[in-house]
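Shown below: my_file-v5.txt, with compact mmCIF, C-alpha atoms.
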# COMPACT_ATOMS: atom_id res chain seq x y z
CA MET A 1 95.94 107.72 100.43
CA LYS A 2 99.19 109.55 101.08
CA TYR A 3 102.38 107.55 101.50
CA LYS A 4 105.44 109.19 103.02
CA SER A 5 108.98 107.90 102.79
CA VAL A 6 112.54 109.13 102.66
CA PHE A 7 112.35 109.20 98.89
CA LEU A 8 109.02 110.74 97.96
CA SER A 9 105.38 111.41 98.62
CA LEU A 10 103.37 109.14 96.36
CA PHE A 11 99.63 109.23 95.70
CA ILE A 12 97.81 106.18 94.39
CA ILE A 13 95.10 107.69 92.26
CA CYS A 14 92.92 104.96 90.83
CA PHE A 15 92.54 101.32 89.92
CA PHE A 16 91.40 100.17 86.51
CA THR A 17 88.88 97.37 86.40
CA ALA A 18 90.82 94.11 86.36
CA MET A 19 89.38 91.00 84.77
CA THR A 20 91.10 88.12 86.54
CA ALA A 21 92.17 84.90 84.95
CA GLY A 22 92.51 81.79 87.05
CA ALA A 23 95.27 82.36 89.61
CA GLN A 24 96.39 78.76 89.44
CA ASP A 25 97.23 79.14 85.73
CA LEU A 26 99.59 82.02 86.50
CA GLU A 27 101.39 80.92 89.64
CA VAL A 28 105.15 80.47 89.44
CA ARG A 29 106.32 77.27 91.09
CA ILE A 30 109.93 76.44 91.85
CA THR A 31 111.17 73.06 93.01
CA GLN A 32 114.65 71.68 93.66
CA GLY A 33 116.42 74.89 92.68
CA THR A 34 115.54 74.81 88.98
CA PHE A 35 112.99 76.89 87.12
CA LYS A 36 112.26 77.93 83.56
CA PRO A 37 111.66 81.70 83.63
CA ARG A 38 108.24 82.78 82.41
CA PRO A 39 108.31 84.80 79.14
CA ILE A 40 106.84 88.29 79.52
CA ALA A 41 106.71 91.19 77.07
CA ILE A 42 107.15 94.66 78.57
CA SER A 43 106.37 97.37 76.06
CA ASP A 44 107.69 100.90 76.25
CA PHE A 45 105.01 103.16 77.69
CA HIS A 46 103.22 105.62 75.47
CA PRO A 47 104.13 109.28 76.14
CA THR A 48 101.16 111.56 75.50
CA GLU A 49 103.57 114.52 75.52
CA ILE A 50 107.13 114.90 74.21
CA ARG A 51 108.43 115.79 77.69
CA HIS A 52 107.48 112.31 78.90
CA ARG A 53 109.38 110.51 76.12
CA ASP A 54 112.38 109.53 78.27
CA LEU A 55 110.22 108.34 81.18
CA ALA A 56 108.21 106.22 78.77
CA GLN A 57 111.37 104.18 78.11
CA ASP A 58 113.11 104.44 81.48
CA ILE A 59 110.24 103.10 83.60
CA PRO A 60 109.73 99.91 81.50
CA ASP A 61 113.51 99.39 81.46
CA ILE A 62 113.56 99.28 85.28
CA ILE A 63 110.58 96.89 85.30
CA ARG A 64 112.37 94.58 82.84
CA ASN A 65 115.53 94.65 84.91
CA ASN A 66 113.68 93.91 88.15
CA LEU A 67 111.69 90.99 86.79
CA GLU A 68 114.65 89.48 84.95
CA ASN A 69 116.89 89.75 88.03
CA SER A 70 114.31 87.86 90.10
CA GLY A 71 115.11 84.80 87.98
CA LEU A 72 111.41 84.04 87.57
CA PHE A 73 110.78 85.96 84.35
CA ARG A 74 112.35 86.21 80.90
CA PRO A 75 111.56 89.53 79.21
CA ILE A 76 111.01 89.14 75.47
CA ASN A 77 113.53 91.00 73.29
CA LYS A 78 112.01 94.28 72.09
CA ASN A 79 113.07 93.49 68.52
CA ALA A 80 110.37 90.79 68.48
CA PHE A 81 107.55 93.15 69.46
CA VAL A 82 104.60 93.31 67.06
CA GLN A 83 103.20 96.69 68.17
CA THR A 84 104.61 100.04 69.16
CA SER A 85 103.46 101.79 72.31
CA GLY A 86 101.53 104.22 70.11
CA SER A 87 99.78 101.36 68.35
CA ILE A 88 98.78 99.77 71.65
CA PHE A 89 97.48 103.14 72.88
CA LYS A 90 95.36 103.72 69.77
CA GLU A 91 94.28 100.21 68.77
CA GLY A 92 94.55 98.15 71.92
CA VAL A 93 96.52 94.92 72.34
CA ARG A 94 96.48 92.59 69.32
CA PHE A 95 96.70 89.38 71.31
CA PRO A 96 97.02 86.83 68.46
CA GLU A 97 100.10 88.65 67.17
CA TRP A 98 101.67 88.90 70.64
CA ARG A 99 101.28 85.16 71.08
CA THR A 100 103.67 84.65 68.16
CA THR A 101 106.45 86.27 70.25
CA GLY A 102 106.17 83.51 72.86
CA ALA A 103 104.96 85.91 75.55
CA GLU A 104 102.47 84.53 78.08
CA THR A 105 101.86 87.92 79.68
CA MET A 106 102.58 91.49 78.63
CA VAL A 107 102.77 94.95 80.17
CA SER A 108 101.68 98.19 78.53
CA GLY A 109 101.36 101.72 79.86
CA ASN A 110 100.90 105.41 79.29
CA ILE A 111 102.41 108.57 80.77
CA LEU A 112 100.39 111.77 80.81
CA THR A 113 99.80 115.00 82.70
CA ASP A 114 96.63 115.26 84.80
CA ASP A 115 94.39 118.30 85.31
CA GLN A 116 96.54 119.50 88.24
CA GLY A 117 99.73 119.38 86.17
CA ASN A 118 101.07 116.22 87.87
CA THR A 119 102.71 113.34 86.02
CA ARG A 120 100.51 110.24 85.91
CA VAL A 121 101.85 106.79 85.09
CA GLU A 122 99.30 104.14 84.04
CA PHE A 123 100.04 100.48 83.46
CA ARG A 124 98.17 97.32 82.60
CA LEU A 125 99.20 93.67 82.89
CA TRP A 126 97.65 91.36 80.30
CA ASP A 127 97.27 87.60 80.02
CA VAL A 128 98.15 87.09 76.37
CA LEU A 129 96.80 83.54 76.24
CA SER A 130 93.34 84.27 77.66
CA GLU A 131 93.27 87.85 76.28
CA LYS A 132 92.30 89.30 79.66
CA GLN A 133 93.50 92.19 81.77
CA LEU A 134 94.99 91.10 85.10
CA ILE A 135 95.91 94.45 86.65
CA GLY A 136 95.32 98.09 85.79
CA MET A 137 96.64 100.84 88.04
CA SER A 138 97.62 104.51 87.95
CA TYR A 139 100.17 106.47 90.01
CA THR A 140 100.58 110.22 90.18
CA THR A 141 103.87 111.65 91.37
CA THR A 142 106.67 114.03 90.47
CA PRO A 143 108.97 113.18 87.53
CA GLU A 144 112.10 112.79 89.68
CA ASN A 145 110.49 109.86 91.52
CA TRP A 146 110.08 107.72 88.42
CA ARG A 147 112.42 104.99 89.68
CA ARG A 148 110.27 104.35 92.73
CA VAL A 149 107.12 104.21 90.59
CA ALA A 150 108.85 101.61 88.40
CA HIS A 151 109.72 99.52 91.49
CA ILE A 152 106.13 99.69 92.78
CA ILE A 153 104.77 98.60 89.40
CA SER A 154 107.30 95.73 89.38
CA ASP A 155 106.04 94.65 92.81
CA GLU A 156 102.43 94.62 91.59
CA ILE A 157 103.31 92.49 88.56
CA TYR A 158 105.45 90.11 90.64
CA LYS A 159 102.69 89.64 93.22
CA ARG A 160 99.97 89.03 90.63
CA LEU A 161 102.01 86.40 88.77
CA THR A 162 103.69 84.61 91.70
CA GLY A 163 101.22 85.03 94.55
CA GLU A 164 104.03 86.45 96.73
CA ASP A 165 104.72 90.03 97.74
CA GLY A 166 107.36 91.79 95.69
CA TYR A 167 110.64 93.15 97.05
CA PHE A 168 111.69 95.71 94.43
CA ASP A 169 110.58 98.83 96.32
CA THR A 170 113.17 98.23 99.05
CA ARG A 171 116.63 99.36 100.09
CA ILE A 172 119.81 97.70 101.30
CA VAL A 173 122.14 99.19 103.88
CA TYR A 174 125.68 97.80 103.89
CA ILE A 175 129.32 98.48 104.73
CA ALA A 176 131.28 100.11 101.89
CA GLU A 177 134.92 99.02 102.07
CA SER A 178 138.15 100.34 100.56
CA GLY A 179 141.89 100.23 101.22
CA ALA A 180 144.46 97.54 102.02
CA ALA A 181 143.40 94.41 103.89
CA ASN A 182 145.21 95.50 107.06
CA LYS A 183 143.97 99.09 106.85
CA ARG A 184 140.37 98.85 105.72
CA ILE A 185 138.13 101.92 105.61
CA LYS A 186 134.52 100.94 106.36
CA ARG A 187 131.63 103.34 105.77
CA LEU A 188 127.91 102.96 106.28
CA ALA A 189 126.11 103.16 102.92
CA ILE A 190 122.58 102.71 101.59
CA MET A 191 121.09 102.07 98.14
CA ASP A 192 117.99 100.77 96.38
CA GLN A 193 117.83 96.98 96.06
CA ASP A 194 119.09 97.28 92.45
CA GLY A 195 122.08 99.43 93.42
CA ALA A 196 120.61 102.80 92.37
CA ASN A 197 120.33 105.93 94.56
CA HIS A 198 123.55 105.08 96.35
CA LYS A 199 124.46 107.23 99.37
CA TYR A 200 127.19 107.16 102.04
CA LEU A 201 125.91 107.72 105.58
CA THR A 202 129.27 107.96 107.40
CA ASP A 203 132.57 109.51 106.30
CA GLY A 204 134.95 106.61 106.99
CA SER A 205 136.80 108.33 109.83
CA TYR A 206 135.73 105.51 112.16
CA LEU A 207 134.93 101.83 111.76
CA VAL A 208 131.29 100.70 111.38
CA LEU A 209 129.91 97.14 111.28
CA THR A 210 126.70 95.06 111.16
CA PRO A 211 124.01 97.59 110.15
CA ARG A 212 120.38 96.47 110.55
CA PHE A 213 117.09 98.08 109.49
CA SER A 214 114.23 98.90 111.82
CA PRO A 215 110.82 97.52 110.76
CA THR A 216 109.78 101.16 110.31
CA THR A 217 112.53 101.48 107.61
CA GLN A 218 113.48 104.94 108.93
CA GLN A 219 116.05 103.82 111.52
CA ILE A 220 119.22 101.76 111.33
CA THR A 221 121.11 100.20 114.20
CA TYR A 222 124.79 99.37 113.80
CA MET A 223 128.04 98.85 115.66
CA SER A 224 130.60 101.63 115.59
CA TYR A 225 134.11 102.27 116.92
CA GLN A 226 133.48 106.02 116.98
CA GLY A 227 135.61 107.39 119.80
CA GLY A 228 137.64 104.18 119.83
CA VAL A 229 135.10 102.19 121.84
CA PRO A 230 132.79 99.60 120.19
CA ARG A 231 129.18 100.58 120.85
CA VAL A 232 125.72 100.12 119.33
CA TYR A 233 124.27 103.21 117.61
CA LEU A 234 120.94 104.29 116.16
CA TYR A 235 120.84 106.24 112.87
CA ASN A 236 117.75 108.22 111.81
CA LEU A 237 117.43 108.17 108.01
CA ASN A 238 115.04 111.13 107.99
CA THR A 239 117.28 113.49 109.96
CA GLY A 240 120.75 112.00 109.50
CA GLU A 241 121.25 112.07 113.26
CA HIS A 242 122.89 109.18 115.08
CA HIS A 243 123.44 108.52 118.76
CA VAL A 244 124.75 105.77 120.98
CA LEU A 245 122.14 103.30 122.21
CA GLY A 246 123.50 103.26 125.75
CA ASN A 247 126.69 103.94 127.66
CA PHE A 248 127.35 100.44 128.93
CA LYS A 249 130.45 99.37 130.80
CA GLY A 250 131.09 96.47 128.45
CA MET A 251 131.57 96.19 124.69
CA THR A 252 128.26 96.00 122.78
CA PHE A 253 127.80 94.51 119.30
CA ALA A 254 125.57 92.47 116.90
CA PRO A 255 122.37 94.57 117.31
CA ARG A 256 118.98 93.75 115.74
CA PHE A 257 115.52 95.28 116.09
CA SER A 258 112.49 93.43 117.41
CA PRO A 259 109.70 92.96 114.82
CA ASP A 260 107.71 95.87 116.27
CA GLY A 261 110.77 98.14 116.27
CA LYS A 262 110.41 98.91 120.00
CA LYS A 263 113.37 96.89 121.25
CA ILE A 264 116.90 96.02 120.25
CA VAL A 265 118.54 92.69 121.05
CA PHE A 266 122.33 92.68 121.15
CA SER A 267 125.39 91.12 122.75
CA MET A 268 127.45 92.65 125.50
CA SER A 269 130.81 91.56 126.84
CA ARG A 270 131.41 92.09 130.54
CA ASN A 271 134.30 90.77 132.62
CA GLY A 272 135.36 88.44 129.80
CA ASN A 273 131.87 86.97 129.37
CA THR A 274 129.53 87.62 126.43
CA ASP A 275 125.75 87.33 126.83
CA ILE A 276 122.60 88.49 125.07
CA TYR A 277 120.63 91.51 126.26
CA VAL A 278 117.45 93.31 125.20
CA MET A 279 116.89 97.05 125.48
CA ASP A 280 113.57 98.89 125.33
CA ILE A 281 114.32 101.84 123.03
CA VAL A 282 111.95 104.27 124.78
CA SER A 283 112.62 103.46 128.44
CA ARG A 284 116.23 102.30 127.84
CA ARG A 285 115.58 99.47 130.26
CA VAL A 286 118.02 96.58 129.69
CA THR A 287 117.22 92.92 130.37
CA ARG A 288 119.81 90.16 130.39
CA MET A 289 118.58 87.16 128.37
CA THR A 290 121.37 84.59 128.83
CA SER A 291 123.72 83.80 131.68
CA SER A 292 126.43 81.37 130.68
CA PRO A 293 130.23 81.24 130.69
CA ALA A 294 129.97 80.62 126.93
CA ILE A 295 130.19 83.25 124.18
CA GLU A 296 126.64 83.99 123.04
CA THR A 297 125.98 86.47 120.26
CA ALA A 298 124.28 87.25 116.89
CA PRO A 299 120.67 87.19 118.20
CA SER A 300 117.72 87.46 115.80
CA TYR A 301 113.99 87.63 116.58
CA SER A 302 111.36 85.39 115.03
CA PRO A 303 108.87 87.47 112.98
CA ASP A 304 106.17 87.01 115.64
CA GLY A 305 108.55 88.36 118.29
CA ARG A 306 108.16 85.32 120.55
CA ARG A 307 111.54 83.64 120.11
CA ILE A 308 115.18 84.49 119.54
CA VAL A 309 117.78 82.47 117.64
CA PHE A 310 121.46 83.04 118.46
CA GLU A 311 124.89 81.43 118.27
CA SER A 312 126.71 79.97 121.28
CA ASP A 313 129.68 77.73 122.05
CA ARG A 314 128.11 76.41 125.27
CA SER A 315 128.21 72.88 123.83
CA GLY A 316 131.93 73.12 123.12
CA SER A 317 131.52 74.15 119.47
CA GLN A 318 129.81 77.12 117.85
CA GLN A 319 126.18 76.11 117.23
CA LEU A 320 122.75 77.74 116.93
CA TYR A 321 120.19 77.86 119.75
CA ILE A 322 116.61 79.08 120.13
CA MET A 323 114.99 80.49 123.27
CA ASN A 324 111.77 82.26 124.18
CA VAL A 325 111.94 86.05 124.54
CA ASP A 326 111.95 85.71 128.32
CA GLY A 327 115.04 83.47 128.15
CA SER A 328 113.15 80.25 128.86
CA GLY A 329 112.79 77.17 126.67
CA MET A 330 116.42 77.03 125.52
CA ASN A 331 116.92 74.47 122.73
CA ARG A 332 119.88 73.60 120.54
CA LEU A 333 119.01 73.97 116.83
CA THR A 334 122.04 72.66 114.92
CA PHE A 335 124.11 69.51 115.43
CA GLY A 336 126.18 69.43 112.24
CA LYS A 337 129.95 69.30 111.95
CA GLY A 338 131.86 72.55 111.83
CA ARG A 339 130.75 75.91 113.23
CA TYR A 340 127.45 77.75 112.77
CA GLY A 341 126.92 81.51 113.06
CA ASN A 342 125.09 84.63 111.84
CA PRO A 343 121.56 83.22 112.23
CA VAL A 344 118.69 85.37 110.93
CA TRP A 345 115.02 84.45 110.93
CA SER A 346 113.05 84.64 107.69
CA PRO A 347 110.19 87.20 107.56
CA ARG A 348 107.93 84.24 106.78
CA GLY A 349 109.02 82.47 109.95
CA ASP A 350 109.56 79.15 108.15
CA LEU A 351 113.36 79.21 107.83
CA ILE A 352 116.48 80.46 109.58
CA ALA A 353 119.48 81.41 107.44
CA PHE A 354 122.99 80.94 108.78
CA THR A 355 126.69 80.79 107.97
CA ARG A 356 128.44 77.43 108.35
CA MET A 357 132.20 76.93 108.49
CA TYR A 358 133.51 73.42 107.78
CA LYS A 359 136.86 72.10 106.55
CA GLY A 360 138.16 75.52 105.57
CA LYS A 361 135.07 76.54 103.59
CA PHE A 362 132.20 78.90 104.33
CA TYR A 363 128.59 78.14 103.42
CA ILE A 364 125.27 79.97 103.50
CA GLY A 365 122.44 77.65 104.44
CA VAL A 366 118.88 77.52 105.74
CA ILE A 367 117.19 75.33 108.34
CA ARG A 368 113.69 75.02 109.75
CA PRO A 369 113.12 76.35 113.30
CA ASP A 370 112.54 72.77 114.50
CA GLY A 371 116.02 71.74 113.29
CA ARG A 372 114.83 69.79 110.23
CA SER A 373 115.69 70.16 106.54
CA GLU A 374 119.06 71.89 106.69
CA ARG A 375 120.19 72.95 103.21
CA LEU A 376 123.43 74.61 102.10
CA ILE A 377 122.75 76.88 99.14
CA THR A 378 126.08 78.56 98.32
CA ASN A 379 129.72 78.45 99.39
CA ALA A 380 133.00 80.34 98.88
CA TYR A 381 136.42 81.01 100.35
CA HIS A 382 134.62 83.36 102.76
CA VAL A 383 130.87 83.97 102.57
CA GLU A 384 128.96 85.54 105.43
CA GLY A 385 126.24 87.92 106.63
CA PRO A 386 122.94 86.51 105.24
CA THR A 387 119.95 88.87 105.19
CA TRP A 388 116.42 88.18 103.94
CA SER A 389 114.40 90.05 101.35
CA PRO A 390 111.13 91.22 102.97
CA ASN A 391 109.13 88.52 101.18
CA GLY A 392 111.43 85.74 102.39
CA ARG A 393 112.21 84.65 98.82
CA LEU A 394 115.83 85.79 98.48
CA LEU A 395 118.94 86.08 100.57
CA ALA A 396 121.67 88.69 100.26
CA TYR A 397 125.17 88.13 101.68
CA PHE A 398 128.79 88.98 100.93
CA LYS A 399 131.79 87.05 99.66
CA GLU A 400 135.42 87.91 100.31
CA THR A 401 138.39 86.93 98.15
CA PRO A 402 142.04 87.54 99.14
CA SER A 403 144.40 89.13 96.64
CA GLY A 404 147.91 89.75 97.96
CA ASP A 405 147.81 92.54 100.53
CA ARG A 406 144.31 93.43 99.38
CA ARG A 407 140.97 91.67 99.32
CA THR A 408 137.69 92.06 97.52
CA ALA A 409 134.27 91.97 99.17
CA ARG A 410 131.13 91.74 97.06
CA ILE A 411 127.43 91.49 97.81
CA TYR A 412 125.34 88.78 96.16
CA THR A 413 121.70 87.73 96.13
CA ILE A 414 120.29 84.24 95.61
CA ASP A 415 116.92 82.49 95.58
CA ILE A 416 116.36 80.32 98.67
CA THR A 417 116.43 77.26 96.41
CA GLY A 418 120.06 78.02 95.51
CA TYR A 419 119.01 79.23 92.05
CA ASN A 420 119.90 82.54 90.36
CA GLU A 421 122.91 83.84 92.30
CA ARG A 422 123.68 87.42 91.21
CA TRP A 423 126.35 89.98 92.02
CA LEU A 424 124.88 93.26 93.31
CA ARG A 425 127.32 95.87 92.05
CA THR A 426 128.39 98.66 94.40
CA PRO A 427 130.74 101.65 93.83
CA ARG A 428 133.31 100.10 96.19
CA ASP A 429 133.64 96.74 97.91
CA GLY A 430 130.62 95.83 100.00
CA SER A 431 129.93 93.65 103.05
CA ASP A 432 127.39 93.13 105.86
CA PRO A 433 124.24 93.82 103.80
CA ALA A 434 120.87 94.28 105.50
CA TRP A 435 117.63 94.33 103.53
CA SER A 436 114.91 96.82 104.46
CA PRO A 437 111.24 95.98 104.90
CA SER A 438 108.99 96.91 101.99
CA ASN A 439 108.61 100.66 101.53
CA HIS A 440 104.86 100.42 100.85
If you convert what's in this file into structure tokens, what do you get?
Amino acid sequence: MKYKSVFLSLFIICFFTAMTAGAQDLEVRITQGTFKPRPIAISDFHPTEIRHRDLAQDIPDIIRNNLENSGLFRPINKNAFVQTSGSIFKEGVRFPEWRTTGAETMVSGNILTDDQGNTRVEFRLWDVLSEKQLIGMSYTTTPENWRRVAHIISDEIYKRLTGEDGYFDTRIVYIAESGAANKRIKRLAIMDQDGANHKYLTDGSYLVLTPRFSPTTQQITYMSYQGGVPRVYLYNLNTGEHHVLGNFKGMTFAPRFSPDGKKIVFSMSRNGNTDIYVMDIVSRRVTRMTSSPAIETAPSYSPDGRRIVFESDRSGSQQLYIMNVDGSGMNRLTFGKGRYGNPVWSPRGDLIAFTRMYKGKFYIGVIRPDGRSERLITNAYHVEGPTWSPNGRLLAYFKETPSGDRRTARIYTIDITGYNERWLRTPRDGSDPAWSPSNH
């Protein structure tokens, strides 16, 4: 089966026979924001040729980094390992000895060249306690695509041990910022979810804001002041081409794709009034969704495409509302003190993330679509722009900190329980992150 993406063409060659242990024994469960990471040993892979020696270390290093950063796993220090990769390759896994390291599961692998001269990466996931193989898979690709292979393997391990889809083979688009606070340069940038393969998409000669991924992962919509007028644009990641979504009379902003990628919902300001509109990308037909003297913006589709959550001050304060995609069934979602904004629906459909501003502080929180169980999971001087990982397990967002005539903006990720907040390092300051769907 051939898989095409911006990064590579990858061929999944074969599956090894997997002897499955009881899934219940291996599920990761998190409650109340605390969790003891599961110990896992990730061996260097065995290179069958000298030219694969670096890959045999680099791929496991990425897997270790991915699993550790998830907060759900604790990779065992390599100094405690009881076998080399060569020993595992020749003798097999000596399970009783691996149990002495404290590992509950372990990963081993090999790198070789197949009959067609392609690089093949094999890996196996083992249950050390029951001495059984859980996964065995092989990927054939070109050597320069080793990082993506490592992310795909990480996803397979994560899914087998947690029961949830992984999120490592994904990208994040964001706004790269530099310069003084009153003269900020903002460029569109993209990177892997771990910060690698960083690339600038615009040159900084004009202001860009609020980028969002299409469900197809090959298009981005964003707001730009190119030409001095704020408009919504589409950017094609395959071709590098970008064009304005439509030449409207009013200012357009806060765009997001529909779940099927065929429509874009956005806000437009006309005659001093801001409402929500939907455009069909192919026909360019525009439908007005709200009609109110209030300011209504930041719309986000539910994953089934049937409802839209947005922010509005129609009640006298900035709150969140939900409506059907035809504009009917309008209901107020939040009733808390302060102001609510930036709502975004989880890919699972069970939660809506938001920004809350109260008594001079900013919070990132989540709430159920029926208005129950609101939880605030992080706060800062200024924290904003939540975006979901494709499995609905993590949120990314940015925090700003003032510093004289300058300010810093950094992107963070956190588990939805409020556990394991991590700084995602970028070459320059970063804001407005948007997580891509899974690449596979």
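Proximity ranking of A:Ser43, A:Asn342, A:Asn420, A:Thr170 relative to Asp61 of chain A places A:Ser43 first, based on all atoms listed in the file.
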Find the residues around Gly392 of chain A up to 12 Å (all atoms listed in the file counted), leave out those fewer than 5 positions away in its own chain, and share them as an mmCIF file with C-alpha atoms, in the frame of the given file.
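For reference, selection_27.cif as written:
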data_model
loop_
_atom_site.group_PDB
_atom_site.id
_atom_site.type_symbol
_atom_site.label_atom_id
_atom_site.label_comp_id
_atom_site.auth_asym_id
_atom_site.auth_seq_id
_atom_site.Cartn_x
_atom_site.Cartn_y
_atom_site.Cartn_z
ATOM 1 C CA GLU A 164 104.030 86.450 96.730
ATOM 2 C CA ASP A 165 104.720 90.030 97.740
ATOM 3 C CA GLY A 166 107.360 91.790 95.690
ATOM 4 C CA TYR A 167 110.640 93.150 97.050
ATOM 5 C CA PRO A 303 108.870 87.470 112.980
ATOM 6 C CA VAL A 344 118.690 85.370 110.930
ATOM 7 C CA TRP A 345 115.020 84.450 110.930
ATOM 8 C CA SER A 346 113.050 84.640 107.690
ATOM 9 C CA PRO A 347 110.190 87.200 107.560
ATOM 10 C CA ARG A 348 107.930 84.240 106.780
ATOM 11 C CA GLY A 349 109.020 82.470 109.950
ATOM 12 C CA ASP A 350 109.560 79.150 108.150
ATOM 13 C CA LEU A 351 113.360 79.210 107.830
ATOM 14 C CA ILE A 352 116.480 80.460 109.580
ATOM 15 C CA ALA A 353 119.480 81.410 107.440
ATOM 16 C CA VAL A 366 118.880 77.520 105.740
ATOM 17 C CA PRO A 386 122.940 86.510 105.240
ATOM 18 C CA THR A 387 119.950 88.870 105.190
ATOM 19 C CA ILE A 414 120.290 84.240 95.610
ATOM 20 C CA ASP A 415 116.920 82.490 95.580
ATOM 21 C CA ILE A 416 116.360 80.320 98.670
ATOM 22 C CA THR A 417 116.430 77.260 96.410
ATOM 23 C CA TRP A 435 117.630 94.330 103.530
ATOM 24 C CA SER A 436 114.910 96.820 104.460
ATOM 25 C CA PRO A 437 111.240 95.980 104.900
ATOM 26 C CA SER A 438 108.990 96.910 101.990
#
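Counting only C-alpha atoms and comparing A:Thr290, A:Ile308, A:Lys249, A:Gln319, the residue that lies closest to Ile264 of chain A is A:Ile308.
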Determine the nearest neighbour of Ile63 of chain A from the options A:Leu201, A:Val232, A:Val265, A:Ile157, counting all atoms listed in the file.
-> A:Ile157
With a distance cut-off of 10 Å and only C-alpha atoms, select the neighbouring residues of Tyr412 of chain A, excluding the residue or stretch itself and same-chain residues fewer than 2 positions from it, and output the selection as number ranges by chain.
-> A: 383, 386, 395-399, 409-410, 414, 421-425, 430-431, 433
Output C-alpha atoms for every residue in that selection, as a PDB file, in the frame of the given file.
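selection09.pdb written:
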ATOM      1  CA  VAL A 383     130.870  83.970 102.570  1.00  0.00           C
ATOM      2  CA  PRO A 386     122.940  86.510 105.240  1.00  0.00           C
ATOM      3  CA  LEU A 395     118.940  86.080 100.570  1.00  0.00           C
ATOM      4  CA  ALA A 396     121.670  88.690 100.260  1.00  0.00           C
ATOM      5  CA  TYR A 397     125.170  88.130 101.680  1.00  0.00           C
ATOM      6  CA  PHE A 398     128.790  88.980 100.930  1.00  0.00           C
ATOM      7  CA  LYS A 399     131.790  87.050  99.660  1.00  0.00           C
ATOM      8  CA  ALA A 409     134.270  91.970  99.170  1.00  0.00           C
ATOM      9  CA  ARG A 410     131.130  91.740  97.060  1.00  0.00           C
ATOM     10  CA  ILE A 414     120.290  84.240  95.610  1.00  0.00           C
ATOM     11  CA  GLU A 421     122.910  83.840  92.300  1.00  0.00           C
ATOM     12  CA  ARG A 422     123.680  87.420  91.210  1.00  0.00           C
ATOM     13  CA  TRP A 423     126.350  89.980  92.020  1.00  0.00           C
ATOM     14  CA  LEU A 424     124.880  93.260  93.310  1.00  0.00           C
ATOM     15  CA  ARG A 425     127.320  95.870  92.050  1.00  0.00           C
ATOM     16  CA  GLY A 430     130.620  95.830 100.000  1.00  0.00           C
ATOM     17  CA  SER A 431     129.930  93.650 103.050  1.00  0.00           C
ATOM     18  CA  PRO A 433     124.240  93.820 103.800  1.00  0.00           C
TER      19      PRO A 433
END
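For the pair atom CA of Pro427 of chain A and atom CA of Arg148 of chain A, the separation is 20.7 Å.
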Exercise: segment 145-147 of chain A partners within 8 Å, all atoms listed in the file, chain neighbours under 2 positions left out, as a list in words = Phe7, Leu8, Leu55, Ile59, Ile62, Thr141, Thr142, Pro143, Val149, Ala150 and His151 of chain A
So what do you get for atom CA of Phe257 of chain A versus atom CA of Arg270 of chain A, distance-wise?
->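 Computed distance, atom CA of Phe257 of chain A to atom CA of Arg270 of chain A, equals 21.7 Å.
Atom to atom, atom CA of Phe310 of chain A and atom CA of Met289 of chain A stand 11.1 Å apart.
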Pick from A:Leu72, A:Val282, A:Leu207, A:Leu129 nearest to Thr101 of chain A, counting all atoms listed in the file |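 Among A:Leu72, A:Val282, A:Leu207, A:Leu129, it is A:Leu129 that comes nearest to Thr101 of chain A.
If all atoms listed in the file are the atoms counted, then among A:Thr105, A:Ser224, A:Ser70, A:Asn197 the closest residue to Leu209 of chain A is A:Ser224.
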Top pick for closest residue to Arg99 of chain A, considering A:Asn65, A:Asn391, A:Asn271, A:Phe81 and counting all atoms listed in the file |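 Counting all atoms listed in the file, the residue closest to Arg99 of chain A is A:Phe81.
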Nearby residues (all atoms listed in the file) at most 12 Å from Gly227 of chain A, same-chain spacing under 4 positions excluded, as a list in words =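 Here the answer would be Ser205, Tyr206, Leu207, Val208, Arg231 and Val244 of chain A.
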Contacts of segment 174-177 of chain A at 9 Å or less, counting all atoms listed in the file, minus same-chain residues fewer than 5 places along, as a count of residues only?
-> 27
Which protein, DNA or RNA residues are at most 12 Å from (118.4, 94.6, 132.8) in the file's coordinates when you count all atoms listed in the file, listed as a PDB file with C-alpha atoms, keeping the file's coordinate frame?
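Result went into part_26.pdb, see below:
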ATOM      1  CA  PHE A 248     127.350 100.440 128.930  1.00  0.00           C
ATOM      2  CA  VAL A 265     118.540  92.690 121.050  1.00  0.00           C
ATOM      3  CA  MET A 268     127.450  92.650 125.500  1.00  0.00           C
ATOM      4  CA  ASP A 275     125.750  87.330 126.830  1.00  0.00           C
ATOM      5  CA  ILE A 276     122.600  88.490 125.070  1.00  0.00           C
ATOM      6  CA  TYR A 277     120.630  91.510 126.260  1.00  0.00           C
ATOM      7  CA  VAL A 278     117.450  93.310 125.200  1.00  0.00           C
ATOM      8  CA  MET A 279     116.890  97.050 125.480  1.00  0.00           C
ATOM      9  CA  ASP A 280     113.570  98.890 125.330  1.00  0.00           C
ATOM     10  CA  SER A 283     112.620 103.460 128.440  1.00  0.00           C
ATOM     11  CA  ARG A 284     116.230 102.300 127.840  1.00  0.00           C
ATOM     12  CA  ARG A 285     115.580  99.470 130.260  1.00  0.00           C
ATOM     13  CA  VAL A 286     118.020  96.580 129.690  1.00  0.00           C
ATOM     14  CA  THR A 287     117.220  92.920 130.370  1.00  0.00           C
ATOM     15  CA  ARG A 288     119.810  90.160 130.390  1.00  0.00           C
ATOM     16  CA  MET A 289     118.580  87.160 128.370  1.00  0.00           C
ATOM     17  CA  THR A 290     121.370  84.590 128.830  1.00  0.00           C
ATOM     18  CA  ASP A 326     111.950  85.710 128.320  1.00  0.00           C
TER      19      ASP A 326
END
